[in-house]
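A.B. asks: Can you keep this structure in mind? I'll have questions shortly.
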Amino acid sequence: MVLRLPVPDLVSLDLLRSVDELGSITKAAQAHRLSQPAASMRLRDLERTLGVRLLERRGGGSRLSGDGKVILGWAEKILDQVGALQEAVYSLRHDVDHRLSIGASLTVAEYLMPDWLVKIRSVAPTTSISLRMGNSAQICDAVRANDVELGFLEGARNPDDLEARYVRNDLLRVVVSRSHNWAKRRANITVEELCSTPILVRESGSGTKEVLDQALGALGQTASVFAELSSTTAIKSAIRSGLAPAVMSELVVSEELRSGDLVAIDVDGLDLTRTIRVVFRGDRVRSRAAKTFLTKVLGVDVKP
């Protein structure tokens, strides 16, 4: 397809976006390090190029016209993609493509990331990793905001607005102290027994809580929550004290289960298998460091 001339100026479209966000041409000019007359001239030229009125100027500032809002809606994806292109080209030109920002849920960060960092060091020794931790909802938000390039989570659903790839399975277990009466039983407990007993769970927004709620909801049941805690260490301490059972990733309690310090309880008819996934923005140009991490460390197939 051959573009029809004249082509709208991208810098002027970006300036228009700033007017919409900041509410005046003067503030938008300051954000773009332009004089107010220069910014006004750019916007008038953009209106002439497009042949529509983009702004409604008022005494207290400016706002987009109806046509201006429609055009900005079309232009925003283009501006975001151009920004991603600039980032990628800058990386190539300045040799900073060895930097990789990662967001990970607490389980992934504490129990899987150390081995992954060893692997990336062996296949790409100059790669520098920055790691942000949070629950699954927070990590998705960080990916959306471009604060991290790759995000790892274990929720029940893939976010609709992000690309997702399978990494591995994980299993949630009902865990109790050695002195708990469930630990002395030979038979499994029932879902009804689990739901009638107050338990410890991770906070709302965590993948663990989401998977548990979905699995019980599919059976028409809901958990009786004694407390929601954001720290896995705090949950394990509470279990040991006999405060309450908890639902936790098998990764998190593997050492305690091997030593017998904690006991895993099977629940008839309840499947708490979940998948750990990596998510990223589909409209962002992935860095070479990200592609190396995905393909060489995780064995994840991604489009070039």
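Letters A, B, ... mark the chains of the structure tokens in the order given; residue numbers begin at 1 per chain; ligand numbers begin at 1, in order shown.
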For range 111-115 of chain A, work out the shell of residues within 12 Å, counting only C-alpha atoms and skipping chain neighbours fewer than 6 positions away, then give it as a PDB file with C-alpha atoms, in the first residue's frame.
C.D. replies:
```
ATOM      1  CA  ILE A 102      11.296  -9.117  34.344  1.00  0.00           C
ATOM      2  CA  GLY A 103       8.280  -9.174  36.619  1.00  0.00           C
ATOM      3  CA  ALA A 104       7.437 -12.327  38.532  1.00  0.00           C
ATOM      4  CA  SER A 105       4.917 -13.516  41.055  1.00  0.00           C
ATOM      5  CA  ARG A 121      24.319 -16.475  32.629  1.00  0.00           C
ATOM      6  CA  SER A 122      25.569 -19.600  30.839  1.00  0.00           C
ATOM      7  CA  ILE A 129      18.420  -8.779  34.625  1.00  0.00           C
ATOM      8  CA  SER A 130      16.249  -6.474  36.720  1.00  0.00           C
ATOM      9  CA  LEU A 131      13.520  -8.260  38.682  1.00  0.00           C
ATOM     10  CA  ARG A 132      10.282  -6.869  40.085  1.00  0.00           C
ATOM     11  CA  MET A 133       8.147  -9.019  42.385  1.00  0.00           C
ATOM     12  CA  GLY A 151       5.954 -11.150  33.286  1.00  0.00           C
ATOM     13  CA  PHE A 152       5.579 -14.535  34.966  1.00  0.00           C
ATOM     14  CA  LEU A 153       2.354 -15.519  36.700  1.00  0.00           C
ATOM     15  CA  VAL A 167       6.155 -22.434  30.811  1.00  0.00           C
ATOM     16  CA  ARG A 168       5.385 -25.340  33.163  1.00  0.00           C
ATOM     17  CA  ASN A 169       2.792 -26.831  35.511  1.00  0.00           C
ATOM     18  CA  ASP A 170       2.563 -26.263  39.231  1.00  0.00           C
ATOM     19  CA  THR A 232       4.547 -17.168  51.976  1.00  0.00           C
ATOM     20  CA  SER A 249       2.247 -24.106  45.830  1.00  0.00           C
ATOM     21  CA  GLU A 250       4.126 -27.390  46.056  1.00  0.00           C
ATOM     22  CA  LEU A 251       7.211 -25.428  44.990  1.00  0.00           C
ATOM     23  CA  VAL A 252       6.958 -23.293  48.111  1.00  0.00           C
ATOM     24  CA  VAL A 253       6.643 -26.133  50.627  1.00  0.00           C
ATOM     25  CA  SER A 254       8.699 -28.863  48.925  1.00  0.00           C
ATOM     26  CA  GLU A 255      11.494 -28.813  51.532  1.00  0.00           C
ATOM     27  CA  ILE A 276       2.899 -20.980  35.096  1.00  0.00           C
ATOM     28  CA  PHE A 293      15.554 -15.811  27.768  1.00  0.00           C
ATOM     29  CA  VAL A 297      16.312 -20.655  29.105  1.00  0.00           C
ATOM     30  CA  LEU A 298      12.635 -21.584  29.067  1.00  0.00           C
TER      31      LEU A 298
END
```
A.B. asks: Would you write out, as a Markdown table, a table of all residues in range 213-267 of chain A that have an atom no more than 7 Å from an atom of range 172-194 of chain A, listing for each the closest atom pair and the distance in Å to one decimal, considering only C-alpha atoms and ordering rows by chain and rising residue number?
C.D. replies:
```
| residue | atom | partner | partner_atom | distance |
| --- | --- | --- | --- | --- |
| A:Ile239 | CA | A:Ser177 | CA | 5.6 |
| A:Arg240 | CA | A:Ser177 | CA | 5.0 |
| A:Gly242 | CA | A:Ser177 | CA | 5.8 |
| A:Pro245 | CA | A:Val176 | CA | 4.7 |
| A:Ala246 | CA | A:Val175 | CA | 5.4 |
| A:Val247 | CA | A:Val174 | CA | 4.5 |
| A:Met248 | CA | A:Leu172 | CA | 5.3 |
| A:Ser249 | CA | A:Leu172 | CA | 4.3 |
| A:Glu250 | CA | A:Leu172 | CA | 5.7 |
| A:Asp261 | CA | A:Arg178 | CA | 6.5 |
| A:Leu262 | CA | A:Ser177 | CA | 4.9 |
| A:Val263 | CA | A:Val176 | CA | 5.4 |
| A:Ala264 | CA | A:Val175 | CA | 4.5 |
| A:Ile265 | CA | A:Val174 | CA | 5.3 |
| A:Asp266 | CA | A:Asn188 | CA | 5.3 |
| A:Val267 | CA | A:Ile189 | CA | 5.0 |
```
A.B. asks: Quick one: write out the picked residues with N, CA and C atoms as a compact mmCIF listing (two decimals), in the first residue's frame?
C.D. replies:
```txt
# COMPACT_ATOMS: atom_id res chain seq x y z
N ILE A 239 1.08 -22.08 59.65
CA ILE A 239 0.73 -23.50 59.56
C ILE A 239 1.45 -24.28 60.66
N ARG A 240 2.75 -24.06 60.80
CA ARG A 240 3.54 -24.79 61.82
C ARG A 240 2.97 -24.59 63.22
N GLY A 242 0.04 -24.39 64.02
CA GLY A 242 -1.25 -25.05 64.16
C GLY A 242 -2.42 -24.10 64.04
N PRO A 245 -5.00 -24.74 58.47
CA PRO A 245 -4.45 -25.28 57.22
C PRO A 245 -4.27 -24.14 56.20
N ALA A 246 -3.55 -24.43 55.14
CA ALA A 246 -3.35 -23.44 54.09
C ALA A 246 -3.29 -24.13 52.74
N VAL A 247 -3.50 -23.35 51.68
CA VAL A 247 -3.31 -23.84 50.32
C VAL A 247 -2.12 -23.10 49.74
N MET A 248 -1.08 -23.86 49.35
CA MET A 248 0.16 -23.27 48.87
C MET A 248 0.72 -24.06 47.71
N SER A 249 1.57 -23.42 46.92
CA SER A 249 2.25 -24.11 45.83
C SER A 249 3.17 -25.18 46.38
N GLU A 250 3.21 -26.32 45.68
CA GLU A 250 4.13 -27.39 46.06
C GLU A 250 5.58 -26.93 45.97
N ASP A 261 8.16 -31.62 58.21
CA ASP A 261 7.78 -30.49 59.05
C ASP A 261 6.34 -30.08 58.79
N LEU A 262 5.91 -30.21 57.52
CA LEU A 262 4.53 -29.97 57.14
C LEU A 262 4.01 -31.20 56.39
N VAL A 263 2.69 -31.34 56.33
CA VAL A 263 2.07 -32.51 55.71
C VAL A 263 1.08 -32.06 54.66
N ALA A 264 1.16 -32.66 53.46
CA ALA A 264 0.22 -32.35 52.38
C ALA A 264 -0.99 -33.28 52.48
N ILE A 265 -2.17 -32.72 52.31
CA ILE A 265 -3.41 -33.46 52.42
C ILE A 265 -4.11 -33.51 51.06
N ASP A 266 -4.48 -34.70 50.62
CA ASP A 266 -5.21 -34.84 49.37
C ASP A 266 -6.70 -34.62 49.60
N VAL A 267 -7.34 -34.00 48.61
CA VAL A 267 -8.77 -33.70 48.70
C VAL A 267 -9.47 -34.41 47.56
```
A.B. asks: Enumerate as a ChimeraX atom specification all residues of range 49-257 of chain A assigned to strand (DSSP E) by DSSP on the backbone, naming them with the chain letters and numbers the document uses.
C.D. replies: /A:55-58,61-64,99-104,128-133,150-153,163-177,199-202,225-229,246-249
A.B. asks: Restricting it to N, CA and C atoms, dump the selection as a compact mmCIF listing (two decimals), in the first residue's frame.
C.D. replies:
```txt
# COMPACT_ATOMS: atom_id res chain seq x y z
N LEU A 55 -9.21 20.72 17.55
CA LEU A 55 -9.25 21.30 18.88
C LEU A 55 -10.37 22.31 19.02
N GLU A 56 -10.89 22.38 20.23
CA GLU A 56 -11.80 23.45 20.62
C GLU A 56 -11.08 24.29 21.66
N ARG A 57 -10.75 25.52 21.30
CA ARG A 57 -9.96 26.38 22.18
C ARG A 57 -10.88 27.19 23.07
N ARG A 58 -10.58 27.17 24.37
CA ARG A 58 -11.37 27.90 25.35
C ARG A 58 -10.43 28.78 26.17
N GLY A 61 -8.17 26.80 28.46
CA GLY A 61 -7.36 25.73 27.89
C GLY A 61 -7.94 25.26 26.58
N SER A 62 -7.59 24.04 26.19
CA SER A 62 -8.07 23.46 24.93
C SER A 62 -8.47 22.02 25.16
N ARG A 63 -9.44 21.58 24.38
CA ARG A 63 -9.83 20.18 24.42
C ARG A 63 -10.07 19.69 23.01
N LEU A 64 -9.99 18.38 22.84
CA LEU A 64 -10.15 17.81 21.51
C LEU A 64 -11.62 17.89 21.07
N ARG A 99 20.05 -5.83 28.33
CA ARG A 99 19.29 -5.58 29.55
C ARG A 99 17.88 -6.14 29.42
N LEU A 100 17.40 -6.77 30.47
CA LEU A 100 16.07 -7.38 30.43
C LEU A 100 15.37 -7.13 31.76
N SER A 101 14.19 -6.53 31.68
CA SER A 101 13.37 -6.29 32.87
C SER A 101 12.30 -7.36 32.96
N ILE A 102 12.21 -8.00 34.13
CA ILE A 102 11.30 -9.12 34.34
C ILE A 102 10.44 -8.83 35.57
N GLY A 103 9.17 -9.19 35.47
CA GLY A 103 8.28 -9.17 36.62
C GLY A 103 7.86 -10.60 36.92
N ALA A 104 7.78 -10.95 38.19
CA ALA A 104 7.44 -12.33 38.53
C ALA A 104 6.62 -12.36 39.81
N SER A 128 21.97 -8.45 31.57
CA SER A 128 21.71 -7.91 32.90
C SER A 128 20.21 -7.97 33.17
N ILE A 129 19.83 -8.57 34.30
CA ILE A 129 18.42 -8.78 34.62
C ILE A 129 18.01 -7.86 35.77
N SER A 130 16.88 -7.18 35.60
CA SER A 130 16.25 -6.47 36.72
C SER A 130 14.93 -7.18 37.01
N LEU A 131 14.67 -7.44 38.29
CA LEU A 131 13.52 -8.26 38.68
C LEU A 131 12.60 -7.48 39.60
N ARG A 132 11.31 -7.46 39.23
CA ARG A 132 10.28 -6.87 40.08
C ARG A 132 9.36 -7.98 40.55
N MET A 133 9.02 -7.98 41.84
CA MET A 133 8.15 -9.02 42.38
C MET A 133 6.79 -8.43 42.76
N LEU A 150 8.91 -8.84 30.33
CA LEU A 150 8.33 -10.17 30.49
C LEU A 150 7.74 -10.28 31.89
N GLY A 151 6.58 -10.93 31.99
CA GLY A 151 5.95 -11.15 33.29
C GLY A 151 5.61 -12.62 33.47
N PHE A 152 5.86 -13.12 34.67
CA PHE A 152 5.58 -14.54 34.97
C PHE A 152 4.50 -14.61 36.04
N LEU A 153 3.47 -15.42 35.77
CA LEU A 153 2.35 -15.52 36.70
C LEU A 153 1.76 -16.91 36.66
N GLU A 163 -0.09 -11.22 25.34
CA GLU A 163 0.30 -12.51 24.79
C GLU A 163 0.77 -13.40 25.94
N ALA A 164 0.44 -14.68 25.89
CA ALA A 164 0.83 -15.60 26.96
C ALA A 164 1.40 -16.88 26.36
N ARG A 165 2.42 -17.44 27.01
CA ARG A 165 3.01 -18.71 26.60
C ARG A 165 3.17 -19.60 27.84
N TYR A 166 2.88 -20.88 27.64
CA TYR A 166 3.01 -21.87 28.71
C TYR A 166 4.48 -22.08 29.05
N VAL A 167 4.79 -22.15 30.35
CA VAL A 167 6.15 -22.43 30.81
C VAL A 167 6.23 -23.80 31.48
N ARG A 168 5.38 -24.05 32.47
CA ARG A 168 5.38 -25.34 33.16
C ARG A 168 4.15 -25.44 34.04
N ASN A 169 3.89 -26.63 34.57
CA ASN A 169 2.79 -26.83 35.51
C ASN A 169 3.27 -26.63 36.94
N ASP A 170 2.32 -26.34 37.80
CA ASP A 170 2.56 -26.26 39.23
C ASP A 170 1.34 -26.88 39.91
N LEU A 171 1.51 -27.31 41.13
CA LEU A 171 0.42 -27.96 41.86
C LEU A 171 0.24 -27.27 43.20
N LEU A 172 -0.99 -26.88 43.49
CA LEU A 172 -1.32 -26.35 44.81
C LEU A 172 -1.66 -27.51 45.73
N ARG A 173 -1.22 -27.40 46.97
CA ARG A 173 -1.48 -28.45 47.95
C ARG A 173 -2.14 -27.86 49.19
N VAL A 174 -3.04 -28.64 49.78
CA VAL A 174 -3.55 -28.31 51.11
C VAL A 174 -2.52 -28.79 52.12
N VAL A 175 -2.05 -27.91 52.97
CA VAL A 175 -0.92 -28.21 53.85
C VAL A 175 -1.31 -27.93 55.30
N VAL A 176 -0.91 -28.85 56.18
CA VAL A 176 -1.19 -28.70 57.61
C VAL A 176 0.07 -29.00 58.42
N SER A 177 0.02 -28.68 59.70
CA SER A 177 1.12 -29.03 60.60
C SER A 177 1.09 -30.52 60.91
N ILE A 199 -9.30 -21.53 56.48
CA ILE A 199 -7.93 -21.78 56.02
C ILE A 199 -7.20 -20.46 55.76
N LEU A 200 -5.89 -20.57 55.62
CA LEU A 200 -5.04 -19.45 55.26
C LEU A 200 -4.83 -19.46 53.74
N VAL A 201 -4.93 -18.30 53.12
CA VAL A 201 -4.73 -18.21 51.67
C VAL A 201 -3.91 -16.97 51.36
N ARG A 202 -3.39 -16.93 50.14
CA ARG A 202 -2.73 -15.73 49.64
C ARG A 202 -3.77 -14.65 49.38
N VAL A 225 -12.33 -18.57 54.58
CA VAL A 225 -11.00 -17.95 54.74
C VAL A 225 -10.81 -17.45 56.16
N PHE A 226 -9.78 -17.96 56.81
CA PHE A 226 -9.41 -17.48 58.14
C PHE A 226 -8.62 -16.18 58.02
N ALA A 227 -7.67 -16.14 57.08
CA ALA A 227 -6.87 -14.93 56.87
C ALA A 227 -6.25 -14.97 55.49
N GLU A 228 -6.09 -13.78 54.88
CA GLU A 228 -5.36 -13.63 53.62
C GLU A 228 -4.02 -12.98 53.93
N LEU A 229 -2.94 -13.65 53.52
CA LEU A 229 -1.60 -13.15 53.80
C LEU A 229 -0.81 -13.04 52.50
N ALA A 246 -3.55 -24.43 55.14
CA ALA A 246 -3.35 -23.44 54.09
C ALA A 246 -3.29 -24.13 52.74
N VAL A 247 -3.50 -23.35 51.68
CA VAL A 247 -3.31 -23.84 50.32
C VAL A 247 -2.12 -23.10 49.74
N MET A 248 -1.08 -23.86 49.35
CA MET A 248 0.16 -23.27 48.87
C MET A 248 0.72 -24.06 47.71
N SER A 249 1.57 -23.42 46.92
CA SER A 249 2.25 -24.11 45.83
C SER A 249 3.17 -25.18 46.38
```
A.B. asks: Using only C-alpha atoms, can you tell me which of A:His32, A:Arg284, A:Arg53, A:Arg48 comes closest to Leu162 in chain A?
C.D. replies: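 Of all the options, A:Arg284 lies closest to Leu162 in chain A.
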A.B. asks: Write out as a PyMOL selection string all residues of range 28-255 of chain A that DSSP puts in helix (DSSP H, G or I) for this structure's backbone.
C.D. replies: chain A and resi 28-31+36-50+66-94+106-111+113-123+136-144+181-184+191-195+207-217+232-240+250-255
